[in-house]
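Notes for the one structure printed next.
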2 protein chains.
Amino acid sequence: MLGPEIERLIQLLSRLPGLGPRSARRAALQLLKRKEALMLPLADALATAAATVRTCSVCGSFDTQDPCGVCADERRDPTILCVVEEVADVWALERASAFKGRYHVLGGTLSALDGVGPEDLNIPSLVRRASDPAVTEVILAMDATVDGQTTAHYITDRLAGANVAISRLAHGVPVGGELDYLDDGTLTTALKARRPV
Amino acid sequence: MLGPEIERLIQLLSRLPGLGPRSARRAALQLLKRKEALMLPLADALATAAATVRTCSVCGSFDTQDPCGVCADERRDPTILCVVEEVADVWALERASAFKGRYHVLGGTLSALDGVGPEDLNIPSLVRRASDPAVTEVILAMDATVDGQTTAHYITDRLAGANVAISRLAHGVPVGGELDYLDDGTLTTALKARRPV
Ligand SMILES: [Zn+2]
Ligand SMILES: [Zn+2]
């Protein structure tokens, strides 16, 4: 009844996190009602971002430049690496202005259930970066989930040979909580109170 | 920190119904992680729908053809018009397969508060369509809200001179409920039990 163009739009919108089939329909209608103000600008923003945003070859974050703005910023402390699961976590820490060093994005967590092993994550590149004599500390900022903590333990073992202090986020990260959902104050506190592993 | 391309994408996504700032960020990350599978197809679907979908000049619904598929379908009963507030309501009734006549989309409700008067809605065109001798019944399928019912009363008055039976949706529409959120069974029941005004 809706026609293939509208059906396809709804189907793609419903694959965004936070939008189910019903809200995807409402979003499609809103877009169709506001073609000039919303629909065409969004189409353009998507195409532009897809064409210009890339993965930083150093840390795994997203930016239009490679290395990314953080990696290229000489004012950022090059001696501390903060290891996170996802780019969302970099954004959360940057919003909190909680960290002045560099990042390393794993791209997920180890997961026996989902068949995710060390080679599926940016762990080899982390071991390389941590072996740089300029790096003196690695902060493991995984989510406080089973997979997150398993990954943190695995990385701790892998970095045993590197001459770096390893710490992890302290009190403030609720058990079972996901980093990206924390408020800025909690993130800042947890980072300041980080403790050695 | 994020760069203007990503900021713009998040800002536009956050204007979709159902997506706040946080879920817009998560959606943007999901899109950037899945450029080929999701981001570029969505950009294309938006541009294509914006270019091809138009408002039906007869009923006010959306379709790639004008008149729309329902208005052009000779199997649909031309003697009954179902008047709804929004295109979303047409979609809901079509999903329920609850109605075999034609539609008329008002494009909203009368609202003193928001300064919406009869000329801001597709009411003049409804009066014209209802005056067609081929039309014998007009079903007022407004939401069961104050503005929806005010609009239904106003239309009843405006159609007093037209030679049509006027009915409205019956039991089944919860008070304060919005049509687009009802299940198919409730919609079908309410439509079957419609009563004359
Ligand atoms: Zn980087
Ligand atoms: Zn139509």
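Following the order of the structure tokens, first chain is A, next is B, and so on, with residues numbered from 1 inside each chain and ligands from 1 in the order they appear.
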Identify every residue of chain A that has at least one atom within 9 Å of any atom of chain B, counting only C-alpha atoms, and report the result as a PDB file with C-alpha atoms, in the first residue's frame.
```pdb
ATOM      1  CA  MET A   1       0.000   0.000   0.000  1.00  0.00           C
ATOM      2  CA  LEU A   2       2.784   2.445   0.913  1.00  0.00           C
ATOM      3  CA  GLY A   3       4.869   2.015  -2.211  1.00  0.00           C
ATOM      4  CA  GLU A   5      10.167   4.005  -1.763  1.00  0.00           C
ATOM      5  CA  ILE A   6       8.402   4.655   1.547  1.00  0.00           C
ATOM      6  CA  ARG A   8      12.384   1.005   2.031  1.00  0.00           C
ATOM      7  CA  LEU A   9      12.818   4.233   3.979  1.00  0.00           C
ATOM      8  CA  LEU A  12      16.144   1.341   6.936  1.00  0.00           C
ATOM      9  CA  LEU A  13      15.048   3.772   9.663  1.00  0.00           C
ATOM     10  CA  ARG A  15      17.401  -0.498  11.851  1.00  0.00           C
ATOM     11  CA  LEU A  16      18.662   2.543  13.761  1.00  0.00           C
ATOM     12  CA  PRO A  17      19.162   1.934  17.495  1.00  0.00           C
ATOM     13  CA  GLY A  18      16.231   3.412  19.401  1.00  0.00           C
ATOM     14  CA  LEU A  19      13.752   3.234  16.515  1.00  0.00           C
ATOM     15  CA  ARG A  22       6.318   2.124  14.791  1.00  0.00           C
ATOM     16  CA  SER A  23       8.692   4.979  15.531  1.00  0.00           C
ATOM     17  CA  ALA A  24      10.347   4.403  12.139  1.00  0.00           C
ATOM     18  CA  ARG A  25       6.958   5.009  10.494  1.00  0.00           C
ATOM     19  CA  ARG A  26       6.469   8.174  12.501  1.00  0.00           C
ATOM     20  CA  ALA A  27       9.966   9.326  11.610  1.00  0.00           C
ATOM     21  CA  ALA A  28       9.301   8.648   7.907  1.00  0.00           C
ATOM     22  CA  LEU A  29       6.104  10.699   8.025  1.00  0.00           C
ATOM     23  CA  GLN A  30       7.850  13.529   9.819  1.00  0.00           C
ATOM     24  CA  LEU A  31      10.566  13.486   7.162  1.00  0.00           C
ATOM     25  CA  LEU A  32       8.040  13.464   4.292  1.00  0.00           C
ATOM     26  CA  LYS A  35      11.334  17.565   3.008  1.00  0.00           C
ATOM     27  CA  GLU A  36      13.256  20.818   2.673  1.00  0.00           C
ATOM     28  CA  LEU A  38      14.789  17.901   7.438  1.00  0.00           C
ATOM     29  CA  MET A  39      14.674  15.120   4.844  1.00  0.00           C
ATOM     30  CA  LEU A  40      17.037  16.536   2.216  1.00  0.00           C
ATOM     31  CA  PRO A  41      19.474  17.975   4.807  1.00  0.00           C
ATOM     32  CA  LEU A  42      19.601  14.565   6.529  1.00  0.00           C
ATOM     33  CA  ALA A  43      20.196  12.774   3.212  1.00  0.00           C
ATOM     34  CA  ASP A  44      23.037  15.193   2.532  1.00  0.00           C
ATOM     35  CA  ALA A  45      24.494  14.921   6.040  1.00  0.00           C
ATOM     36  CA  LEU A  46      24.528  11.127   5.772  1.00  0.00           C
ATOM     37  CA  ALA A  47      26.188  11.133   2.359  1.00  0.00           C
ATOM     38  CA  THR A  48      28.724  13.786   3.431  1.00  0.00           C
ATOM     39  CA  ALA A  49      29.626  12.019   6.668  1.00  0.00           C
ATOM     40  CA  ALA A  50      29.899   8.672   4.856  1.00  0.00           C
ATOM     41  CA  THR A  52      34.431  12.224   4.790  1.00  0.00           C
ATOM     42  CA  VAL A  53      34.473  10.439   8.159  1.00  0.00           C
ATOM     43  CA  ARG A  54      37.038   7.681   8.494  1.00  0.00           C
ATOM     44  CA  PHE A  62      36.159   8.463  13.976  1.00  0.00           C
ATOM     45  CA  ASP A  63      37.141  11.773  12.421  1.00  0.00           C
ATOM     46  CA  THR A  64      37.425  13.453   9.045  1.00  0.00           C
ATOM     47  CA  GLY A  69      42.018  15.312  16.074  1.00  0.00           C
ATOM     48  CA  VAL A  70      42.943  13.793  19.439  1.00  0.00           C
ATOM     49  CA  VAL A  87      33.957   5.224  19.799  1.00  0.00           C
ATOM     50  CA  ALA A  88      30.845   6.118  21.839  1.00  0.00           C
ATOM     51  CA  TRP A  91      32.737  10.734  22.861  1.00  0.00           C
ATOM     52  CA  GLU A  94      35.492  13.901  25.734  1.00  0.00           C
ATOM     53  CA  ARG A  95      32.104  15.376  26.662  1.00  0.00           C
ATOM     54  CA  TYR A 181      25.291   6.000  29.842  1.00  0.00           C
TER      55      TYR A 181
END
```
Please superimpose chain A on chain B using every C-alpha atom, paired by order, in a least-squares fit, and write the moved chain as a PDB file with C-alpha atoms, in the first residue's frame.
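Generated file (selection12.pdb):
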```
ATOM      1  CA  MET A   1      35.636  17.777  19.203  1.00  0.00           C
ATOM      2  CA  LEU A   2      33.434  15.693  16.886  1.00  0.00           C
ATOM      3  CA  GLY A   3      33.871  17.786  13.768  1.00  0.00           C
ATOM      4  CA  PRO A   4      31.087  19.641  11.951  1.00  0.00           C
ATOM      5  CA  GLU A   5      30.045  16.736   9.707  1.00  0.00           C
ATOM      6  CA  ILE A   6      29.290  14.422  12.635  1.00  0.00           C
ATOM      7  CA  GLU A   7      27.760  17.219  14.730  1.00  0.00           C
ATOM      8  CA  ARG A   8      25.394  18.120  11.890  1.00  0.00           C
ATOM      9  CA  LEU A   9      24.381  14.493  11.419  1.00  0.00           C
ATOM     10  CA  ILE A  10      23.630  14.088  15.138  1.00  0.00           C
ATOM     11  CA  GLN A  11      21.725  17.376  15.230  1.00  0.00           C
ATOM     12  CA  LEU A  12      19.483  16.336  12.309  1.00  0.00           C
ATOM     13  CA  LEU A  13      18.939  12.814  13.669  1.00  0.00           C
ATOM     14  CA  SER A  14      17.904  14.251  17.050  1.00  0.00           C
ATOM     15  CA  ARG A  15      15.011  16.042  15.316  1.00  0.00           C
ATOM     16  CA  LEU A  16      13.382  12.738  14.358  1.00  0.00           C
ATOM     17  CA  PRO A  17      10.460  11.741  16.603  1.00  0.00           C
ATOM     18  CA  GLY A  18      11.630   9.106  19.072  1.00  0.00           C
ATOM     19  CA  LEU A  19      15.308  10.093  18.992  1.00  0.00           C
ATOM     20  CA  GLY A  20      16.711  12.372  21.691  1.00  0.00           C
ATOM     21  CA  PRO A  21      20.288  13.716  21.749  1.00  0.00           C
ATOM     22  CA  ARG A  22      21.695  10.554  23.288  1.00  0.00           C
ATOM     23  CA  SER A  23      19.980   8.113  20.957  1.00  0.00           C
ATOM     24  CA  ALA A  24      20.883  10.377  18.019  1.00  0.00           C
ATOM     25  CA  ARG A  25      24.557   9.977  18.966  1.00  0.00           C
ATOM     26  CA  ARG A  26      24.171   6.223  19.167  1.00  0.00           C
ATOM     27  CA  ALA A  27      22.393   6.189  15.821  1.00  0.00           C
ATOM     28  CA  ALA A  28      25.185   8.283  14.260  1.00  0.00           C
ATOM     29  CA  LEU A  29      27.823   5.871  15.550  1.00  0.00           C
ATOM     30  CA  GLN A  30      25.876   2.887  14.294  1.00  0.00           C
ATOM     31  CA  LEU A  31      25.613   4.543  10.884  1.00  0.00           C
ATOM     32  CA  LEU A  32      29.342   5.378  10.778  1.00  0.00           C
ATOM     33  CA  LYS A  33      30.196   1.790  11.683  1.00  0.00           C
ATOM     34  CA  ARG A  34      27.941   0.464   8.920  1.00  0.00           C
ATOM     35  CA  LYS A  35      28.502   2.870   6.053  1.00  0.00           C
ATOM     36  CA  GLU A  36      27.894   0.467   3.182  1.00  0.00           C
ATOM     37  CA  ALA A  37      25.119  -1.566   4.776  1.00  0.00           C
ATOM     38  CA  LEU A  38      23.125   1.238   6.379  1.00  0.00           C
ATOM     39  CA  MET A  39      24.408   4.805   6.047  1.00  0.00           C
ATOM     40  CA  LEU A  40      24.648   5.097   2.259  1.00  0.00           C
ATOM     41  CA  PRO A  41      21.421   3.116   1.641  1.00  0.00           C
ATOM     42  CA  LEU A  42      19.587   5.406   4.091  1.00  0.00           C
ATOM     43  CA  ALA A  43      21.001   8.532   2.419  1.00  0.00           C
ATOM     44  CA  ASP A  44      19.795   7.173  -0.910  1.00  0.00           C
ATOM     45  CA  ALA A  45      16.379   6.139   0.420  1.00  0.00           C
ATOM     46  CA  LEU A  46      15.848   9.617   1.865  1.00  0.00           C
ATOM     47  CA  ALA A  47      16.865  11.377  -1.340  1.00  0.00           C
ATOM     48  CA  THR A  48      14.778   8.998  -3.485  1.00  0.00           C
ATOM     49  CA  ALA A  49      11.678   9.309  -1.314  1.00  0.00           C
ATOM     50  CA  ALA A  50      12.063  13.103  -1.173  1.00  0.00           C
ATOM     51  CA  ALA A  51      12.247  13.196  -4.962  1.00  0.00           C
ATOM     52  CA  THR A  52       9.417  10.763  -5.723  1.00  0.00           C
ATOM     53  CA  VAL A  53       6.860  10.886  -2.896  1.00  0.00           C
ATOM     54  CA  ARG A  54       4.262  13.619  -3.187  1.00  0.00           C
ATOM     55  CA  THR A  55       1.012  14.674  -1.536  1.00  0.00           C
ATOM     56  CA  CYS A  56      -2.122  13.325  -3.254  1.00  0.00           C
ATOM     57  CA  SER A  57      -4.059  16.280  -4.636  1.00  0.00           C
ATOM     58  CA  VAL A  58      -7.340  14.492  -3.942  1.00  0.00           C
ATOM     59  CA  CYS A  59      -7.039  13.092  -0.403  1.00  0.00           C
ATOM     60  CA  GLY A  60      -3.815  14.579   1.016  1.00  0.00           C
ATOM     61  CA  SER A  61      -2.094  11.227   1.598  1.00  0.00           C
ATOM     62  CA  PHE A  62       1.458  10.396   0.445  1.00  0.00           C
ATOM     63  CA  ASP A  63       2.350   8.311  -2.587  1.00  0.00           C
ATOM     64  CA  THR A  64       4.654   8.340  -5.586  1.00  0.00           C
ATOM     65  CA  GLN A  65       1.641   8.797  -7.853  1.00  0.00           C
ATOM     66  CA  ASP A  66      -0.994  11.556  -7.859  1.00  0.00           C
ATOM     67  CA  PRO A  67      -3.818  10.674  -7.366  1.00  0.00           C
ATOM     68  CA  CYS A  68      -2.519   8.184  -4.804  1.00  0.00           C
ATOM     69  CA  GLY A  69      -2.986   4.427  -5.056  1.00  0.00           C
ATOM     70  CA  VAL A  70      -6.141   4.467  -2.928  1.00  0.00           C
ATOM     71  CA  CYS A  71      -7.776   7.339  -4.814  1.00  0.00           C
ATOM     72  CA  ALA A  72      -6.875   5.734  -8.164  1.00  0.00           C
ATOM     73  CA  ASP A  73      -8.102   2.267  -7.143  1.00  0.00           C
ATOM     74  CA  GLU A  74     -11.508   1.734  -8.759  1.00  0.00           C
ATOM     75  CA  ARG A  75     -12.226  -1.152  -6.404  1.00  0.00           C
ATOM     76  CA  ARG A  76     -12.325   1.268  -3.448  1.00  0.00           C
ATOM     77  CA  ASP A  77     -15.854   2.356  -2.560  1.00  0.00           C
ATOM     78  CA  PRO A  78     -16.255   5.953  -3.843  1.00  0.00           C
ATOM     79  CA  THR A  79     -19.396   6.580  -1.777  1.00  0.00           C
ATOM     80  CA  ILE A  80     -17.686   6.647   1.647  1.00  0.00           C
ATOM     81  CA  LEU A  81     -15.023   9.132   2.769  1.00  0.00           C
ATOM     82  CA  CYS A  82     -13.035   8.491   5.942  1.00  0.00           C
ATOM     83  CA  VAL A  83     -11.676  11.769   7.319  1.00  0.00           C
ATOM     84  CA  VAL A  84      -8.470  11.477   9.364  1.00  0.00           C
ATOM     85  CA  GLU A  85      -6.065  13.925  10.957  1.00  0.00           C
ATOM     86  CA  GLU A  86      -2.798  12.659   9.534  1.00  0.00           C
ATOM     87  CA  VAL A  87      -1.319  10.357   6.890  1.00  0.00           C
ATOM     88  CA  ALA A  88      -0.210   8.148   9.812  1.00  0.00           C
ATOM     89  CA  ASP A  89      -3.894   7.400  10.411  1.00  0.00           C
ATOM     90  CA  VAL A  90      -4.366   6.305   6.780  1.00  0.00           C
ATOM     91  CA  TRP A  91      -1.438   3.945   7.213  1.00  0.00           C
ATOM     92  CA  ALA A  92      -2.909   2.580  10.471  1.00  0.00           C
ATOM     93  CA  LEU A  93      -6.337   1.961   8.888  1.00  0.00           C
ATOM     94  CA  GLU A  94      -4.772   0.367   5.816  1.00  0.00           C
ATOM     95  CA  ARG A  95      -2.627  -1.920   7.982  1.00  0.00           C
ATOM     96  CA  ALA A  96      -5.803  -3.019   9.758  1.00  0.00           C
ATOM     97  CA  SER A  97      -7.536  -3.519   6.369  1.00  0.00           C
ATOM     98  CA  ALA A  98     -10.413  -1.905   8.228  1.00  0.00           C
ATOM     99  CA  PHE A  99     -11.823   0.329   5.507  1.00  0.00           C
ATOM    100  CA  LYS A 100     -12.577  -0.100   1.832  1.00  0.00           C
ATOM    101  CA  GLY A 101     -13.623   3.454   0.909  1.00  0.00           C
ATOM    102  CA  ARG A 102     -11.556   6.573   0.223  1.00  0.00           C
ATOM    103  CA  TYR A 103      -9.690   8.839   2.646  1.00  0.00           C
ATOM    104  CA  HIS A 104      -9.438  12.533   3.329  1.00  0.00           C
ATOM    105  CA  VAL A 105      -6.422  13.777   5.316  1.00  0.00           C
ATOM    106  CA  LEU A 106      -7.004  17.028   7.211  1.00  0.00           C
ATOM    107  CA  GLY A 107      -3.336  17.614   7.988  1.00  0.00           C
ATOM    108  CA  GLY A 108      -3.986  18.251  11.691  1.00  0.00           C
ATOM    109  CA  THR A 109      -6.763  19.477  13.978  1.00  0.00           C
ATOM    110  CA  LEU A 110      -8.276  22.839  14.750  1.00  0.00           C
ATOM    111  CA  SER A 111      -6.432  24.360  17.678  1.00  0.00           C
ATOM    112  CA  ALA A 112      -7.107  27.754  19.211  1.00  0.00           C
ATOM    113  CA  LEU A 113      -3.930  27.374  21.261  1.00  0.00           C
ATOM    114  CA  ASP A 114      -1.715  26.749  18.236  1.00  0.00           C
ATOM    115  CA  GLY A 115      -3.649  29.171  16.033  1.00  0.00           C
ATOM    116  CA  VAL A 116      -4.798  26.468  13.605  1.00  0.00           C
ATOM    117  CA  GLY A 117      -8.037  27.522  11.853  1.00  0.00           C
ATOM    118  CA  PRO A 118     -10.239  25.784   9.256  1.00  0.00           C
ATOM    119  CA  GLU A 119      -8.330  27.334   6.334  1.00  0.00           C
ATOM    120  CA  ASP A 120      -5.072  25.826   7.637  1.00  0.00           C
ATOM    121  CA  LEU A 121      -6.514  22.325   7.228  1.00  0.00           C
ATOM    122  CA  ASN A 122      -7.880  20.458   4.198  1.00  0.00           C
ATOM    123  CA  ILE A 123     -11.448  21.323   5.203  1.00  0.00           C
ATOM    124  CA  PRO A 124     -12.512  23.357   2.139  1.00  0.00           C
ATOM    125  CA  SER A 125     -11.527  20.442  -0.119  1.00  0.00           C
ATOM    126  CA  LEU A 126     -13.454  18.058   2.135  1.00  0.00           C
ATOM    127  CA  VAL A 127     -16.595  20.175   1.787  1.00  0.00           C
ATOM    128  CA  ARG A 128     -16.141  20.062  -1.995  1.00  0.00           C
ATOM    129  CA  ARG A 129     -15.658  16.285  -2.042  1.00  0.00           C
ATOM    130  CA  ALA A 130     -18.623  15.689   0.281  1.00  0.00           C
ATOM    131  CA  SER A 131     -20.850  17.738  -2.039  1.00  0.00           C
ATOM    132  CA  ASP A 132     -20.226  15.284  -4.881  1.00  0.00           C
ATOM    133  CA  PRO A 133     -23.541  13.361  -5.325  1.00  0.00           C
ATOM    134  CA  ALA A 134     -21.532  10.118  -5.533  1.00  0.00           C
ATOM    135  CA  VAL A 135     -20.527  10.518  -1.870  1.00  0.00           C
ATOM    136  CA  THR A 136     -23.209   9.302   0.547  1.00  0.00           C
ATOM    137  CA  GLU A 137     -21.340   8.910   3.837  1.00  0.00           C
ATOM    138  CA  VAL A 138     -18.526  10.708   5.662  1.00  0.00           C
ATOM    139  CA  ILE A 139     -16.833   8.938   8.575  1.00  0.00           C
ATOM    140  CA  LEU A 140     -15.104  11.279  11.012  1.00  0.00           C
ATOM    141  CA  ALA A 141     -12.115   9.310  12.297  1.00  0.00           C
ATOM    142  CA  MET A 142     -10.429  11.960  14.405  1.00  0.00           C
ATOM    143  CA  ASP A 143      -8.376  11.135  17.494  1.00  0.00           C
ATOM    144  CA  ALA A 144     -10.413  10.955  20.723  1.00  0.00           C
ATOM    145  CA  THR A 145      -8.688  14.109  21.976  1.00  0.00           C
ATOM    146  CA  VAL A 146     -10.223  17.511  22.739  1.00  0.00           C
ATOM    147  CA  ASP A 147      -8.829  19.016  19.535  1.00  0.00           C
ATOM    148  CA  GLY A 148      -9.849  15.955  17.536  1.00  0.00           C
ATOM    149  CA  GLN A 149     -13.433  16.069  18.774  1.00  0.00           C
ATOM    150  CA  THR A 150     -13.642  19.861  18.361  1.00  0.00           C
ATOM    151  CA  THR A 151     -12.578  19.384  14.760  1.00  0.00           C
ATOM    152  CA  ALA A 152     -15.175  16.623  14.269  1.00  0.00           C
ATOM    153  CA  HIS A 153     -17.931  18.894  15.573  1.00  0.00           C
ATOM    154  CA  TYR A 154     -16.801  21.739  13.348  1.00  0.00           C
ATOM    155  CA  ILE A 155     -16.791  19.492  10.267  1.00  0.00           C
ATOM    156  CA  THR A 156     -20.249  18.146  11.161  1.00  0.00           C
ATOM    157  CA  ASP A 157     -21.552  21.728  11.090  1.00  0.00           C
ATOM    158  CA  ARG A 158     -19.771  22.526   7.830  1.00  0.00           C
ATOM    159  CA  LEU A 159     -21.248  19.425   6.148  1.00  0.00           C
ATOM    160  CA  ALA A 160     -24.809  20.181   7.293  1.00  0.00           C
ATOM    161  CA  GLY A 161     -25.709  21.349   3.786  1.00  0.00           C
ATOM    162  CA  ALA A 162     -24.212  18.357   2.006  1.00  0.00           C
ATOM    163  CA  ASN A 163     -26.467  15.383   1.396  1.00  0.00           C
ATOM    164  CA  VAL A 164     -24.353  12.858   3.303  1.00  0.00           C
ATOM    165  CA  ALA A 165     -24.730  10.681   6.352  1.00  0.00           C
ATOM    166  CA  ILE A 166     -22.083  11.617   8.920  1.00  0.00           C
ATOM    167  CA  SER A 167     -20.770   9.033  11.361  1.00  0.00           C
ATOM    168  CA  ARG A 168     -17.889   8.796  13.729  1.00  0.00           C
ATOM    169  CA  LEU A 169     -15.818   5.979  15.166  1.00  0.00           C
ATOM    170  CA  ALA A 170     -17.549   4.146  18.005  1.00  0.00           C
ATOM    171  CA  HIS A 171     -16.562   2.240  21.117  1.00  0.00           C
ATOM    172  CA  GLY A 172     -13.034   1.034  20.944  1.00  0.00           C
ATOM    173  CA  VAL A 173     -11.183   4.308  20.704  1.00  0.00           C
ATOM    174  CA  PRO A 174      -9.933   4.940  24.246  1.00  0.00           C
ATOM    175  CA  VAL A 175     -10.617   8.437  25.599  1.00  0.00           C
ATOM    176  CA  GLY A 176      -7.513  10.536  25.057  1.00  0.00           C
ATOM    177  CA  GLY A 177      -6.102   7.889  22.770  1.00  0.00           C
ATOM    178  CA  GLU A 178      -4.446   8.546  19.439  1.00  0.00           C
ATOM    179  CA  LEU A 179      -5.619   6.586  16.436  1.00  0.00           C
ATOM    180  CA  ASP A 180      -2.143   5.735  15.239  1.00  0.00           C
ATOM    181  CA  TYR A 181      -1.393   3.829  18.464  1.00  0.00           C
ATOM    182  CA  LEU A 182      -4.354   1.445  18.371  1.00  0.00           C
ATOM    183  CA  ASP A 183      -4.144  -2.210  17.482  1.00  0.00           C
ATOM    184  CA  ASP A 184      -5.808  -3.517  14.335  1.00  0.00           C
ATOM    185  CA  GLY A 185      -8.655  -5.260  16.179  1.00  0.00           C
ATOM    186  CA  THR A 186      -9.651  -2.137  18.080  1.00  0.00           C
ATOM    187  CA  LEU A 187      -9.594  -0.086  14.904  1.00  0.00           C
ATOM    188  CA  THR A 188     -11.713  -2.608  13.045  1.00  0.00           C
ATOM    189  CA  THR A 189     -14.262  -2.843  15.867  1.00  0.00           C
ATOM    190  CA  ALA A 190     -14.519   0.915  16.216  1.00  0.00           C
ATOM    191  CA  LEU A 191     -15.068   1.284  12.498  1.00  0.00           C
ATOM    192  CA  LYS A 192     -17.722  -1.431  12.277  1.00  0.00           C
ATOM    193  CA  ALA A 193     -19.636  -0.003  15.253  1.00  0.00           C
ATOM    194  CA  ARG A 194     -19.544   3.548  13.957  1.00  0.00           C
ATOM    195  CA  ARG A 195     -22.657   5.520  14.807  1.00  0.00           C
ATOM    196  CA  PRO A 196     -24.434   8.432  13.145  1.00  0.00           C
ATOM    197  CA  VAL A 197     -23.768  11.900  14.522  1.00  0.00           C
TER     198      VAL A 197
END
```
Picked from chain B by DSSP as alpha helix (DSSP H), as a ChimeraX atom specification: /B:4-13,21-33,40-52,69-72,87-95,123-130,146-158,184-192
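Residues of chain A that DSSP places in strand (DSSP E or B), based on the backbone of this structure, are Arg54, Thr55, Phe62, Asp63, Ile80, Leu81, Cys82, Val83, Val84, Arg102, Tyr103, His104, Val105, Ser111, Val116, Glu137, Val138, Ile139, Leu140, Ala165, Ile166, Ser167, Arg168, Arg195 and Pro196 of chain A.
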